[in-house]
$ cat protein-v2.txt   # compact mmCIF, C-alpha atoms and all ligand atoms
# COMPACT_ATOMS: atom_id res chain seq x y z
CA MET A 1 0.00 0.00 0.00
CA SER A 2 1.25 3.50 -0.83
CA GLN A 3 1.63 5.87 2.10
CA TYR A 4 -0.42 9.06 1.98
CA PHE A 5 0.23 12.48 3.52
CA SER A 6 -1.68 15.77 3.69
CA PRO A 7 -0.65 18.62 1.36
CA LYS A 8 0.49 20.55 4.45
CA GLU A 9 2.86 17.79 5.60
CA ILE A 10 4.32 17.41 2.11
CA ALA A 11 4.60 21.17 1.62
CA ILE A 12 6.71 21.53 4.76
CA ALA A 13 8.79 18.43 3.96
CA ILE A 14 9.74 19.63 0.48
CA GLY A 15 9.76 23.36 1.20
CA VAL A 16 7.07 24.59 -1.20
CA SER A 17 3.77 26.33 -0.59
CA GLU A 18 0.63 24.31 -0.02
CA SER A 19 -1.03 26.10 -2.94
CA SER A 20 1.75 25.03 -5.37
CA LEU A 21 1.29 21.46 -4.22
CA LYS A 22 -2.48 21.58 -4.69
CA ARG A 23 -1.94 23.01 -8.17
CA TRP A 24 0.42 20.15 -9.08
CA VAL A 25 -2.13 17.64 -7.82
CA ASP A 26 -4.94 19.28 -9.80
CA LYS A 27 -2.77 19.19 -12.95
CA GLY A 28 -2.30 15.43 -12.40
CA LEU A 29 1.45 15.77 -11.76
CA ILE A 30 1.19 14.09 -8.35
CA ARG A 31 -1.18 11.22 -7.60
CA ALA A 32 -3.56 11.96 -4.74
CA GLU A 33 -6.79 10.64 -3.26
CA LYS A 34 -9.64 12.48 -1.64
CA THR A 35 -10.87 11.56 1.83
CA ALA A 36 -14.58 11.17 2.58
CA GLY A 37 -14.46 14.81 3.79
CA GLY A 38 -13.04 15.96 0.43
CA HIS A 39 -9.44 16.55 1.62
CA ARG A 40 -6.53 15.68 -0.68
CA ARG A 41 -4.07 12.96 0.45
CA LEU A 42 -0.84 12.70 -1.55
CA ALA A 43 0.90 9.39 -2.32
CA LEU A 44 4.50 9.38 -1.03
CA ASP A 45 5.89 7.49 -4.04
CA ALA A 46 4.26 9.96 -6.44
CA VAL A 47 5.62 12.93 -4.49
CA LEU A 48 9.15 11.50 -4.48
CA ASN A 49 8.90 10.68 -8.16
CA TYR A 50 7.98 14.31 -8.88
CA VAL A 51 10.73 15.62 -6.59
CA ARG A 52 13.27 13.42 -8.44
CA SER A 53 12.18 14.51 -11.88
CA GLU A 54 12.10 18.22 -11.00
CA GLY A 55 15.31 18.21 -8.94
CA ILE A 56 13.53 19.62 -5.86
CA GLY A 57 15.53 19.18 -2.63
CA LEU A 58 13.90 17.96 0.59
CA VAL A 59 13.83 20.40 3.50
CA ARG A 60 12.27 18.33 6.34
CA PRO A 61 12.38 14.69 5.12
CA GLU A 62 11.80 13.37 8.65
CA LEU A 63 8.20 14.62 8.42
CA ILE A 64 7.51 12.01 5.75
CA GLY A 65 9.43 9.23 7.50
CA LEU A 66 12.79 9.65 5.74
CA PRO A 67 16.12 10.13 7.52
CA ALA A 68 16.95 13.74 8.44
CA GLY A 69 19.24 15.37 5.91
CA VAL A 70 18.19 13.13 3.01
CA GLY A 71 17.58 14.75 -0.38
CA ALA A 72 19.37 17.99 0.42
CA THR A 73 22.42 17.37 -1.77
CA ALA A 74 23.21 15.21 -4.80
CA ARG A 75 25.62 12.32 -4.18
CA SER A 76 28.39 10.98 -6.39
CA GLU A 77 28.14 7.26 -6.98
CA GLU A 78 31.83 6.63 -6.37
CA ILE A 79 31.89 8.26 -2.93
CA SER A 80 28.60 6.54 -2.14
CA GLY A 81 30.15 3.13 -2.80
CA ASN A 82 32.97 3.71 -0.29
CA GLU A 83 30.59 5.11 2.29
CA PHE A 84 28.10 2.30 1.78
CA LEU A 85 30.85 -0.27 2.43
CA GLN A 86 31.73 1.59 5.62
CA ALA A 87 28.04 1.60 6.63
CA MET A 88 27.72 -2.14 5.97
CA VAL A 89 30.89 -3.06 7.87
CA THR A 90 29.96 -0.98 10.93
CA GLY A 91 26.19 -1.61 10.75
CA ASP A 92 25.46 2.13 10.44
CA GLU A 93 21.86 1.92 9.25
CA MET A 94 21.20 5.67 9.24
CA LEU A 95 24.20 6.28 6.96
CA ALA A 96 23.13 3.43 4.66
CA ARG A 97 19.56 4.83 4.42
CA ARG A 98 20.89 8.30 3.63
CA ILE A 99 23.21 7.07 0.88
CA VAL A 100 20.57 5.01 -0.90
CA MET A 101 17.80 7.59 -0.60
CA ASP A 102 20.12 10.42 -1.70
CA LEU A 103 21.12 8.46 -4.78
CA TYR A 104 17.48 7.71 -5.55
CA LEU A 105 16.29 11.27 -5.00
CA SER A 106 19.08 12.67 -7.16
CA GLY A 107 17.72 10.64 -10.06
CA THR A 108 19.92 7.51 -10.06
CA SER A 109 17.89 4.56 -11.34
CA VAL A 110 17.12 1.73 -8.95
CA SER A 111 18.97 -0.70 -11.24
CA LYS A 112 22.09 1.45 -11.05
CA ILE A 113 21.90 1.74 -7.26
CA CYS A 114 21.48 -2.04 -6.97
CA ASP A 115 24.24 -2.98 -9.43
CA GLY A 116 26.67 -0.16 -8.82
CA THR A 117 26.49 0.52 -5.11
CA ILE A 118 24.81 -2.38 -3.30
CA THR A 119 26.02 -5.42 -5.26
CA SER A 120 29.59 -4.26 -5.57
CA VAL A 121 29.72 -3.57 -1.83
CA PHE A 122 28.33 -7.05 -1.03
CA HIS A 123 30.94 -8.63 -3.28
CA GLN A 124 33.56 -6.74 -1.24
CA VAL A 125 31.87 -7.86 1.99
CA GLY A 126 32.20 -11.49 0.74
CA ASP A 127 35.89 -10.98 -0.07
CA LEU A 128 36.58 -9.40 3.34
CA TRP A 129 34.78 -12.29 5.07
CA ARG A 130 36.73 -14.90 3.04
CA CYS A 131 40.04 -13.24 3.96
CA GLY A 132 39.05 -13.17 7.63
CA ASP A 133 38.92 -9.36 7.72
CA LEU A 134 35.22 -9.36 8.55
CA ASP A 135 33.53 -11.36 11.26
CA VAL A 136 30.48 -13.50 10.50
CA TYR A 137 28.27 -11.26 12.66
CA GLN A 138 29.31 -8.22 10.62
CA GLU A 139 28.35 -9.95 7.37
CA ARG A 140 24.97 -11.06 8.75
CA ARG A 141 24.30 -7.60 10.20
CA ALA A 142 25.17 -6.04 6.85
CA CYS A 143 22.46 -8.19 5.22
CA GLU A 144 19.88 -7.24 7.84
CA VAL A 145 20.65 -3.54 7.54
CA CYS A 146 20.64 -3.69 3.76
CA LEU A 147 17.25 -5.44 3.68
CA ARG A 148 15.76 -2.70 5.86
CA VAL A 149 17.22 -0.05 3.53
CA LEU A 150 15.75 -1.86 0.52
CA HIS A 151 12.34 -1.94 2.21
CA GLU A 152 12.56 1.83 2.68
CA LEU A 153 13.50 2.27 -0.96
CA ARG A 154 10.49 0.13 -1.88
CA ARG A 155 8.23 2.56 0.01
CA ALA A 156 9.68 5.38 -2.10
CA VAL A 157 9.43 3.52 -5.41
CA GLY A 158 5.82 2.46 -4.83
CA GLU A 159 3.89 -0.55 -6.03
CA GLY A 160 3.59 0.13 -9.73
CA PRO A 161 0.30 0.96 -11.46
CA PRO A 162 -2.64 -1.29 -10.45
CA ASP A 163 -3.15 -2.26 -14.10
CA GLY A 164 0.63 -2.66 -14.70
CA ALA A 165 2.20 -5.91 -15.84
CA PHE A 166 2.56 -8.43 -13.03
CA ALA A 167 5.76 -10.24 -12.00
CA ILE A 168 6.69 -12.67 -9.24
CA GLY A 169 9.94 -14.36 -8.32
CA GLY A 170 12.35 -15.61 -5.69
CA THR A 171 15.03 -18.20 -5.01
CA VAL A 172 14.60 -21.96 -5.15
CA ASP A 173 14.87 -24.71 -2.54
CA GLY A 174 18.30 -24.73 -0.87
CA ASP A 175 19.11 -21.13 -1.84
CA PRO A 176 18.91 -18.93 1.28
CA TYR A 177 20.02 -15.68 -0.35
CA THR A 178 17.56 -12.80 -0.02
CA LEU A 179 19.18 -9.58 -1.27
CA ALA A 180 19.24 -10.39 -4.98
CA THR A 181 15.54 -11.33 -5.20
CA THR A 182 14.53 -8.30 -3.12
CA MET A 183 16.44 -6.06 -5.53
CA ALA A 184 14.92 -7.75 -8.60
CA GLU A 185 11.47 -6.84 -7.23
CA LEU A 186 12.50 -3.21 -6.76
CA VAL A 187 14.04 -2.89 -10.21
CA LEU A 188 10.87 -4.23 -11.81
CA ARG A 189 8.70 -1.86 -9.77
CA ASP A 190 10.89 1.04 -10.86
CA ALA A 191 10.33 -0.11 -14.46
CA GLY A 192 6.56 0.17 -13.95
CA TRP A 193 5.74 -3.46 -13.10
CA ARG A 194 3.62 -4.71 -10.22
CA ALA A 195 6.32 -6.98 -8.86
CA SER A 196 6.19 -9.14 -5.77
CA SER A 197 9.08 -11.18 -4.40
CA LEU A 198 7.88 -14.52 -3.02
CA GLY A 199 11.04 -14.82 -0.89
CA ASN A 200 13.74 -17.48 -0.74
CA MET A 201 13.98 -21.32 -0.56
CA LEU A 202 10.85 -21.94 -2.61
CA PRO A 203 10.14 -25.55 -3.59
CA PHE A 204 9.81 -25.95 -7.37
CA SER A 205 6.31 -27.42 -6.92
CA SER A 206 5.25 -24.20 -5.22
CA LEU A 207 6.75 -22.01 -7.94
CA ASN A 208 4.83 -24.03 -10.53
CA SER A 209 1.61 -23.49 -8.52
CA ALA A 210 2.30 -19.75 -8.27
CA LEU A 211 2.59 -19.55 -12.05
CA MET A 212 -0.66 -21.45 -12.57
CA LYS A 213 -2.65 -19.58 -9.92
CA ASP A 214 -1.30 -16.02 -10.18
CA ARG A 215 -0.66 -16.00 -13.95
CA PRO A 216 2.13 -13.38 -13.96
CA GLN A 217 3.61 -12.06 -17.21
CA LEU A 218 7.10 -12.60 -15.78
CA MET A 219 8.74 -14.86 -13.22
CA TRP A 220 12.31 -14.18 -12.09
CA ILE A 221 14.56 -16.72 -10.41
CA SER A 222 17.76 -15.62 -8.65
CA VAL A 223 20.36 -18.37 -8.21
CA THR A 224 23.32 -17.94 -5.86
CA VAL A 225 23.82 -21.58 -4.87
CA ILE A 226 22.89 -24.89 -6.53
CA ARG A 227 22.82 -28.01 -4.37
CA ASP A 228 22.27 -30.67 -7.04
CA PRO A 229 22.92 -29.43 -10.59
CA ASP A 230 21.01 -32.27 -12.33
CA ARG A 231 17.92 -31.88 -10.19
CA PHE A 232 18.13 -28.12 -10.48
CA THR A 233 18.32 -28.29 -14.28
CA SER A 234 15.42 -30.68 -14.71
CA SER A 235 13.23 -28.76 -12.22
CA MET A 236 14.02 -25.44 -13.89
CA ASN A 237 13.11 -26.88 -17.28
CA ILE A 238 9.73 -28.05 -15.97
CA LEU A 239 9.24 -24.54 -14.53
CA PHE A 240 10.02 -23.09 -17.94
CA ASP A 241 7.38 -25.33 -19.56
CA THR A 242 4.82 -24.14 -17.00
CA ALA A 243 5.82 -20.53 -17.61
CA GLN A 244 5.35 -21.00 -21.34
CA SER A 245 1.97 -22.61 -20.86
CA VAL A 246 0.71 -19.50 -19.01
CA GLY A 247 2.51 -17.01 -21.28
CA ALA A 248 5.02 -15.87 -18.67
CA ALA A 249 8.64 -14.94 -19.38
CA LEU A 250 11.13 -16.85 -17.20
CA VAL A 251 14.01 -14.51 -16.33
CA VAL A 252 17.05 -15.95 -14.57
CA GLY A 253 20.15 -14.42 -13.00
CA GLY A 254 22.67 -14.98 -10.24
CA GLN A 255 26.26 -15.97 -9.65
CA ALA A 256 25.66 -19.75 -9.67
CA LEU A 257 24.38 -19.67 -13.26
CA THR A 258 27.70 -20.40 -14.91
CA SER A 259 27.77 -20.87 -18.68
CA GLU A 260 28.07 -24.62 -18.05
CA ILE A 261 24.85 -24.69 -16.00
CA ARG A 262 23.09 -22.44 -18.51
CA GLN A 263 23.96 -24.84 -21.36
CA GLY A 264 21.39 -27.29 -20.03
CA LEU A 265 18.74 -24.76 -19.03
CA ARG A 266 15.74 -23.39 -20.86
CA TYR A 267 14.60 -19.89 -20.00
CA THR A 268 13.39 -16.72 -21.70
CA THR A 269 16.38 -14.57 -20.83
CA TYR A 270 19.44 -14.62 -18.60
CA CYS A 271 20.54 -11.29 -17.07
CA ASP A 272 24.04 -10.56 -15.78
CA ASN A 273 22.79 -7.63 -13.77
CA TYR A 274 19.79 -5.43 -12.96
CA ARG A 275 20.36 -3.00 -15.83
CA HIS A 276 19.72 -5.94 -18.18
CA LEU A 277 16.59 -6.86 -16.22
CA GLU A 278 15.34 -3.29 -16.41
CA ALA A 279 15.95 -3.12 -20.17
CA PHE A 280 14.16 -6.44 -20.71
CA ALA A 281 11.22 -5.46 -18.49
CA ARG A 282 10.82 -2.13 -20.25
CA THR A 283 10.99 -3.84 -23.65
CA ILE A 284 8.34 -6.47 -23.08
CA GLY A 285 6.06 -4.03 -21.20
CA PRO A 286 2.59 -4.92 -19.98
CA ARG A 287 0.76 -6.15 -23.05
CA ASN A 288 3.57 -6.82 -25.51
CA LYS A 289 4.20 -10.38 -26.56
CA VAL A 290 7.18 -11.96 -24.81
CA PRO A 291 10.08 -12.24 -27.26
CA GLU A 292 11.94 -15.53 -27.22
CA LEU A 293 15.33 -14.13 -26.31
CA ASP A 294 18.47 -16.04 -25.51
CA ARG A 295 16.69 -19.37 -25.22
CA ILE A 296 18.93 -22.45 -25.28
CA ARG A 297 17.25 -25.67 -26.37
C1 LIG A 301 25.49 -12.37 2.41
C2 LIG A 301 26.12 -13.69 2.03
C3 LIG A 301 25.67 -14.84 2.68
C4 LIG A 301 24.48 -14.86 3.61
C5 LIG A 301 23.16 -14.53 2.87
C6 LIG A 301 22.11 -13.99 3.80
C7 LIG A 301 20.95 -13.43 3.08
N1 LIG A 301 19.97 -13.05 3.86
O1 LIG A 301 20.89 -13.32 1.88
C8 LIG A 301 24.51 -16.31 4.20
C9 LIG A 301 24.83 -16.23 5.68
C10 LIG A 301 23.26 -17.15 4.01
C11 LIG A 301 25.65 -16.94 3.43
C12 LIG A 301 26.00 -18.24 3.61
C13 LIG A 301 27.05 -18.88 2.96
N2 LIG A 301 27.89 -18.31 2.08
CO1 LIG A 301 27.65 -16.54 1.37
N3 LIG A 301 27.78 -14.79 0.75
C14 LIG A 301 27.12 -13.71 1.04
C15 LIG A 301 27.67 -12.53 0.23
C16 LIG A 301 28.60 -11.71 1.13
C17 LIG A 301 26.65 -11.60 -0.38
C18 LIG A 301 25.58 -12.31 -1.25
C19 LIG A 301 24.72 -11.29 -1.90
O2 LIG A 301 23.59 -11.06 -1.51
N4 LIG A 301 25.28 -10.57 -2.89
C20 LIG A 301 24.57 -9.47 -3.59
C21 LIG A 301 23.94 -9.99 -4.87
C22 LIG A 301 22.95 -8.98 -5.41
O3 LIG A 301 24.99 -10.15 -5.81
P1 LIG A 301 24.90 -11.24 -6.97
O4 LIG A 301 24.27 -12.44 -6.44
O5 LIG A 301 26.21 -11.34 -7.61
O6 LIG A 301 23.86 -10.57 -7.99
C23 LIG A 301 24.21 -9.86 -9.17
C24 LIG A 301 24.09 -10.73 -10.40
O7 LIG A 301 24.44 -12.05 -10.13
C25 LIG A 301 22.67 -10.55 -10.85
N5 LIG A 301 21.59 -11.32 -10.26
C26 LIG A 301 21.50 -12.07 -9.16
N6 LIG A 301 20.29 -12.60 -9.05
C27 LIG A 301 19.55 -12.15 -10.08
C28 LIG A 301 18.24 -12.39 -10.45
C29 LIG A 301 17.73 -11.80 -11.59
C30 LIG A 301 16.32 -12.06 -12.00
C31 LIG A 301 18.55 -10.96 -12.37
C32 LIG A 301 18.00 -10.32 -13.54
C33 LIG A 301 19.89 -10.72 -12.01
C34 LIG A 301 20.37 -11.33 -10.86
O8 LIG A 301 22.45 -9.20 -10.58
C35 LIG A 301 23.14 -8.81 -9.39
C36 LIG A 301 23.61 -7.40 -9.59
O9 LIG A 301 24.60 -7.25 -10.55
C37 LIG A 301 28.43 -13.30 -0.90
C38 LIG A 301 29.52 -12.49 -1.59
C39 LIG A 301 29.19 -12.28 -3.06
N7 LIG A 301 30.17 -12.33 -3.90
O10 LIG A 301 28.04 -12.09 -3.43
C40 LIG A 301 28.90 -14.55 -0.17
C41 LIG A 301 29.17 -15.82 -0.94
C42 LIG A 301 28.15 -16.03 -2.04
N8 LIG A 301 29.01 -16.87 0.08
C43 LIG A 301 29.88 -17.80 0.02
C44 LIG A 301 29.95 -18.90 0.90
C45 LIG A 301 31.20 -19.77 0.78
C46 LIG A 301 28.95 -19.16 1.83
C47 LIG A 301 28.83 -20.37 2.78
C48 LIG A 301 29.21 -21.72 2.17
C49 LIG A 301 29.65 -20.02 4.02
C50 LIG A 301 29.68 -21.12 5.07
N9 LIG A 301 30.84 -21.76 5.17
O11 LIG A 301 28.72 -21.36 5.72
C51 LIG A 301 27.35 -20.33 3.17
C52 LIG A 301 26.50 -21.20 2.23
C53 LIG A 301 25.03 -21.00 2.45
C54 LIG A 301 24.19 -21.98 1.68
N10 LIG A 301 23.28 -22.66 2.35
O12 LIG A 301 24.36 -22.12 0.50
C55 LIG A 301 30.84 -17.59 -1.13
C56 LIG A 301 30.49 -18.50 -2.31
C57 LIG A 301 31.75 -19.00 -3.00
C58 LIG A 301 31.35 -19.97 -4.08
N11 LIG A 301 31.02 -19.47 -5.23
O13 LIG A 301 31.30 -21.14 -3.82
C59 LIG A 301 30.67 -16.05 -1.41
C60 LIG A 301 30.90 -15.64 -2.88
C61 LIG A 301 31.67 -15.32 -0.47
C62 LIG A 301 33.10 -15.46 -0.91
N12 LIG A 301 33.70 -14.41 -1.46
O14 LIG A 301 33.70 -16.49 -0.76
N13 LIG A 301 26.24 -16.07 2.58

$ encode --input "protein-v2.txt" --output "C-alpha cells"
Amino acid sequence: MSQYFSPKEIAIAIGVSESSLKRWVDKGLIRAEKTAGGHRRLALDAVLNYVRSEGIGLVRPELIGLPAGVGATARSEEISGNEFLQAMVTGDEMLARRIVMDLYLSGTSVSKICDGTITSVFHQVGDLWRCGDLDVYQERRACEVCLRVLHELRRAVGEGPPDGAFAIGGTVDGDPYTLATTMAELVLRDAGWRASSLGNMLPFSSLNSALMKDRPQLMWISVTVIRDPDRFTSSMNILFDTAQSVGAALVVGGQALTSEIRQGLRYTTYCDNYRHLEAFARTIGPRNKVPELDRIR
C-alpha cells in the first residue's frame, strides 16, 4: 500500500507552498486521493517521483518518514560506494539509508543503485569475510541492515500501477540468499511493473503453482547456490514449460548460473545484472508479446 500524507505535511517536507502542491495535484502531476471529507491525500511514491524529476531538494524529510538530511544534496556514486561499504561493515543503518535515498532522489535509477552501489559492496563484503577481515556477525548484520534499507526504498518507489504488468519471483529450494531477489522486485517496480518477491527457498512445486494460480507475465529466479545441478536443471526446465503454458517470461540471473549450467537450461532470458533486467522489463512491457530471447534448447 502507498503511504499518503496531507498537502500541508508534504509542503513543509519539500519546502514549497501548499497552494503550489495543490496546483500540481490538480494538474495530475502528483497522484492523490480524496478523503470522505473531500481533503486531498498525496501518495508518497508519487511525491518523491515528482521531486526526483524536477530536482527539488527535501527540507524536512523526517516529516515524511525519511532520515533527516536526506535529499538535500546530490551524491556521487563513487563516494557513495565507499561510504556504503563503511556503513555495511559498521552496521550504520542511518548512513546506509541516507546514501541510498540520496542516490534515488538525485535521479539515479534503482537498477544502477542495486548494481553499482549495493552489489559491488556485497561482493567486497564477501571478499573481506573470506580473507578473515570481517567477522560473520558483521556480514549477517550487513544483510539485515541492507534489507531494511531496501524496504525503505520500496516505500519510495511504490507498487507500480494497479493495471501494470505483473511479475513474481524468488530463489529456489536450498538457496537462502535474499538480497538479490529483493532487488529484482525493486528494479521491476521502478520499471513500472507490479512486482512481488515470493522470498527465498521456494520448492519448485510451489513455484509451478504460483505460475498457474497467479498467472504473472514474468517470473524471475535468482540463483546464488545450486545443491544438485542435475535436479536443479530438470526442475528449472519443468518450470520453464509451465511458464510458457501461461505465457510468462522466465528470467534468470545470479552468480551460480555459470555458462556450463546455462547450457542445459531453458529460460526466456538470462541477465548478468539489474540493468539488463530493467531493459528487458521495459521492452516487453505490460501487453507486448514476450520475445523468445536467448533461449537455449
Ligand atoms: C550475504 C552472504 C551470505 C548470507 C546470505 C544472507 C541473506 N539473507 O541473503 C549467508 C549467511 C546465508 C551466506 C552463507 C554462505 N555463504 Co555466502 N555470501 C554472502 C555474500 C557476502 C553476499 C551475497 C549477496 O547477496 N550478494 C549481492 C547480490 C545482489 O549479488 P549477486 O548475487 O552477484 O547478484 C548480481 C548478479 O548475479 C545478478 N543477479 C543475481 N540474481 C539475479 C536475479 C535476476 C532475475 C537478475 C535479472 C539478475 C540477478 O544481478 C546482481 C547485480 O549485478 C556473498 C559475496 C558475493 N560475492 O556475493 C557470499 C558468498 C556467495 N558466500 C559464500 C559462501 C562460501 C557461503 C557459505 C558456504 C559459508 C559457510 N561456510 O557457511 C554459506 C553457504 C550458504 C548456503 N546454504 O548455500 C561464497 C560462495 C563461494 C562460491 N562461489 O562457492 C561467497 C561468494 C563469499 C566469498 N567471497 O567467498 N552467505

$ closest_residue --input "protein-v2.txt" --among "A:Ala281, A:Ala191, A:Met212, A:Ala46" --to "ligand LIG 301 (chain A)" --atoms "all atoms listed in the file"
A:Ala281

$ closest_residue --input "protein-v2.txt" --among "A:Leu48, A:Leu147, A:Val59, A:Leu42" --to "Ala96 (chain A)" --atoms "all atoms listed in the file"
A:Leu147

$ closest_residue --input "protein-v2.txt" --among "A:Thr178, A:Thr119, A:Asn200, A:Ser109" --to "Arg52 (chain A)" --atoms "only C-alpha atoms"
A:Ser109

$ residues_near_point --input "protein-v2.txt" --point "(11.7, -27.0, -17.7)" --cutoff "12 Å" --atoms "only C-alpha atoms" --output "number ranges by chain"
A: 204, 208, 230-245, 250, 264-268, 295-297

$ residues_near_ligand --input "protein-v2.txt" --ligand "ligand LIG 301 (chain A)" --cutoff "7 Å" --atoms "only C-alpha atoms and all ligand atoms" --output "JSON, numbers by chain"
{"A": [114, 115, 119, 122, 123, 125, 126, 127, 129, 130, 139, 140, 143, 174, 175, 176, 177, 178, 179, 180, 181, 184, 220, 221, 222, 223, 224, 225, 251, 252, 253, 254, 255, 256, 270, 271, 272, 273, 274, 276, 277]}

$ closest_residue --input "protein-v2.txt" --among "A:Ser197, A:Ser2, A:Thr73, A:Thr117" --to "Leu58 (chain A)" --atoms "only C-alpha atoms"
A:Thr73

$ residues_around --input "protein-v2.txt" --residues "Glu62 (chain A)" --least-positions-apart "2" --cutoff "12 Å" --atoms "all atoms listed in the file" --output "PDB file with C-alpha atoms, keeping the file's coordinate frame"
ATOM      1  CA  GLU A   9       2.860  17.790   5.600  1.00  0.00           C
ATOM      2  CA  ILE A  10       4.320  17.410   2.110  1.00  0.00           C
ATOM      3  CA  ILE A  12       6.710  21.530   4.760  1.00  0.00           C
ATOM      4  CA  ALA A  13       8.790  18.430   3.960  1.00  0.00           C
ATOM      5  CA  ILE A  14       9.740  19.630   0.480  1.00  0.00           C
ATOM      6  CA  LEU A  58      13.900  17.960   0.590  1.00  0.00           C
ATOM      7  CA  VAL A  59      13.830  20.400   3.500  1.00  0.00           C
ATOM      8  CA  ARG A  60      12.270  18.330   6.340  1.00  0.00           C
ATOM      9  CA  ILE A  64       7.510  12.010   5.750  1.00  0.00           C
ATOM     10  CA  GLY A  65       9.430   9.230   7.500  1.00  0.00           C
ATOM     11  CA  LEU A  66      12.790   9.650   5.740  1.00  0.00           C
ATOM     12  CA  PRO A  67      16.120  10.130   7.520  1.00  0.00           C
ATOM     13  CA  ALA A  68      16.950  13.740   8.440  1.00  0.00           C
ATOM     14  CA  GLY A  69      19.240  15.370   5.910  1.00  0.00           C
ATOM     15  CA  VAL A  70      18.190  13.130   3.010  1.00  0.00           C
ATOM     16  CA  GLY A  71      17.580  14.750  -0.380  1.00  0.00           C
ATOM     17  CA  ARG A  98      20.890   8.300   3.630  1.00  0.00           C
TER      18      ARG A  98
END

$ closest_residue --input "protein-v2.txt" --among "A:Glu54, A:Asp102, A:Asp173, A:Asp92" --to "Ser76 (chain A)" --atoms "all atoms listed in the file"
A:Asp102

$ residues_around --input "protein-v2.txt" --residues "Ala165 (chain A)" --least-positions-apart "4" --cutoff "12 Å" --atoms "only C-alpha atoms" --output "ChimeraX atom specification"
/A:159-161,188-189,191-196,215-219,248-249,281-290

$ atom_distance --input "protein-v2.txt" --atom1 "CA of Glu78 (chain A)" --atom2 "CA of Tyr50 (chain A)"
25.2 Å

$ closest_residue --input "protein-v2.txt" --among "A:Arg154, A:Lys22, A:Lys27, A:Arg141" --to "Arg40 (chain A)" --atoms "only C-alpha atoms"
A:Lys22

$ atom_distance --input "protein-v2.txt" --atom1 "CA of Ala156 (chain A)" --atom2 "CA of Gly170 (chain A)"
21.5 Å

$ atom_distance --input "protein-v2.txt" --atom1 "CA of Ile113 (chain A)" --atom2 "CA of Glu83 (chain A)"
13.3 Å

$ decode --input "protein-v2.txt" --residues "region 274-279 of chain A" --atoms "all heavy atoms" --output "PDB file, in the first residue's frame"
ATOM      1  N   TYR A 274      21.131  -6.016 -12.998  1.00  0.00           N
ATOM      2  CA  TYR A 274      19.790  -5.430 -12.962  1.00  0.00           C
ATOM      3  C   TYR A 274      19.534  -4.453 -14.101  1.00  0.00           C
ATOM      4  O   TYR A 274      18.389  -4.208 -14.452  1.00  0.00           O
ATOM      5  CB  TYR A 274      19.550  -4.767 -11.605  1.00  0.00           C
ATOM      6  CG  TYR A 274      19.563  -5.779 -10.490  1.00  0.00           C
ATOM      7  CD1 TYR A 274      20.482  -5.695  -9.447  1.00  0.00           C
ATOM      8  CD2 TYR A 274      18.683  -6.855 -10.495  1.00  0.00           C
ATOM      9  CE1 TYR A 274      20.510  -6.643  -8.439  1.00  0.00           C
ATOM     10  CE2 TYR A 274      18.708  -7.812  -9.495  1.00  0.00           C
ATOM     11  CZ  TYR A 274      19.627  -7.702  -8.475  1.00  0.00           C
ATOM     12  OH  TYR A 274      19.652  -8.645  -7.491  1.00  0.00           O
ATOM     13  N   ARG A 275      20.594  -3.879 -14.673  1.00  0.00           N
ATOM     14  CA  ARG A 275      20.360  -3.003 -15.830  1.00  0.00           C
ATOM     15  C   ARG A 275      19.786  -3.819 -16.983  1.00  0.00           C
ATOM     16  O   ARG A 275      18.929  -3.370 -17.719  1.00  0.00           O
ATOM     17  CB  ARG A 275      21.647  -2.294 -16.263  1.00  0.00           C
ATOM     18  CG  ARG A 275      21.764  -0.940 -15.565  1.00  0.00           C
ATOM     19  CD  ARG A 275      23.171  -0.474 -15.503  1.00  0.00           C
ATOM     20  NE  ARG A 275      23.963  -1.381 -14.667  1.00  0.00           N
ATOM     21  CZ  ARG A 275      25.243  -1.221 -14.395  1.00  0.00           C
ATOM     22  NH1 ARG A 275      25.898  -0.220 -14.888  1.00  0.00           N
ATOM     23  NH2 ARG A 275      25.871  -2.063 -13.618  1.00  0.00           N
ATOM     24  N   HIS A 276      20.269  -5.072 -17.121  1.00  0.00           N
ATOM     25  CA  HIS A 276      19.718  -5.939 -18.176  1.00  0.00           C
ATOM     26  C   HIS A 276      18.252  -6.263 -17.871  1.00  0.00           C
ATOM     27  O   HIS A 276      17.414  -6.291 -18.758  1.00  0.00           O
ATOM     28  CB  HIS A 276      20.510  -7.247 -18.268  1.00  0.00           C
ATOM     29  CG  HIS A 276      21.925  -7.048 -18.713  1.00  0.00           C
ATOM     30  ND1 HIS A 276      22.904  -7.998 -18.524  1.00  0.00           N
ATOM     31  CD2 HIS A 276      22.524  -6.011 -19.333  1.00  0.00           C
ATOM     32  CE1 HIS A 276      24.043  -7.546 -19.013  1.00  0.00           C
ATOM     33  NE2 HIS A 276      23.841  -6.342 -19.506  1.00  0.00           N
ATOM     34  N   LEU A 277      17.979  -6.546 -16.601  1.00  0.00           N
ATOM     35  CA  LEU A 277      16.592  -6.861 -16.222  1.00  0.00           C
ATOM     36  C   LEU A 277      15.681  -5.671 -16.525  1.00  0.00           C
ATOM     37  O   LEU A 277      14.591  -5.835 -17.092  1.00  0.00           O
ATOM     38  CB  LEU A 277      16.524  -7.205 -14.723  1.00  0.00           C
ATOM     39  CG  LEU A 277      15.120  -7.427 -14.152  1.00  0.00           C
ATOM     40  CD1 LEU A 277      14.436  -8.624 -14.814  1.00  0.00           C
ATOM     41  CD2 LEU A 277      15.169  -7.636 -12.635  1.00  0.00           C
ATOM     42  N   GLU A 278      16.150  -4.485 -16.169  1.00  0.00           N
ATOM     43  CA  GLU A 278      15.337  -3.289 -16.414  1.00  0.00           C
ATOM     44  C   GLU A 278      15.066  -3.123 -17.912  1.00  0.00           C
ATOM     45  O   GLU A 278      13.927  -2.871 -18.324  1.00  0.00           O
ATOM     46  CB  GLU A 278      16.051  -2.046 -15.867  1.00  0.00           C
ATOM     47  CG  GLU A 278      15.197  -0.813 -16.040  1.00  0.00           C
ATOM     48  CD  GLU A 278      15.915   0.476 -15.664  1.00  0.00           C
ATOM     49  OE1 GLU A 278      17.127   0.460 -15.387  1.00  0.00           O
ATOM     50  OE2 GLU A 278      15.237   1.514 -15.684  1.00  0.00           O
ATOM     51  N   ALA A 279      16.120  -3.298 -18.722  1.00  0.00           N
ATOM     52  CA  ALA A 279      15.953  -3.125 -20.173  1.00  0.00           C
ATOM     53  C   ALA A 279      14.958  -4.149 -20.709  1.00  0.00           C
ATOM     54  O   ALA A 279      14.071  -3.824 -21.507  1.00  0.00           O
ATOM     55  CB  ALA A 279      17.301  -3.267 -20.872  1.00  0.00           C
TER      56      ALA A 279
END
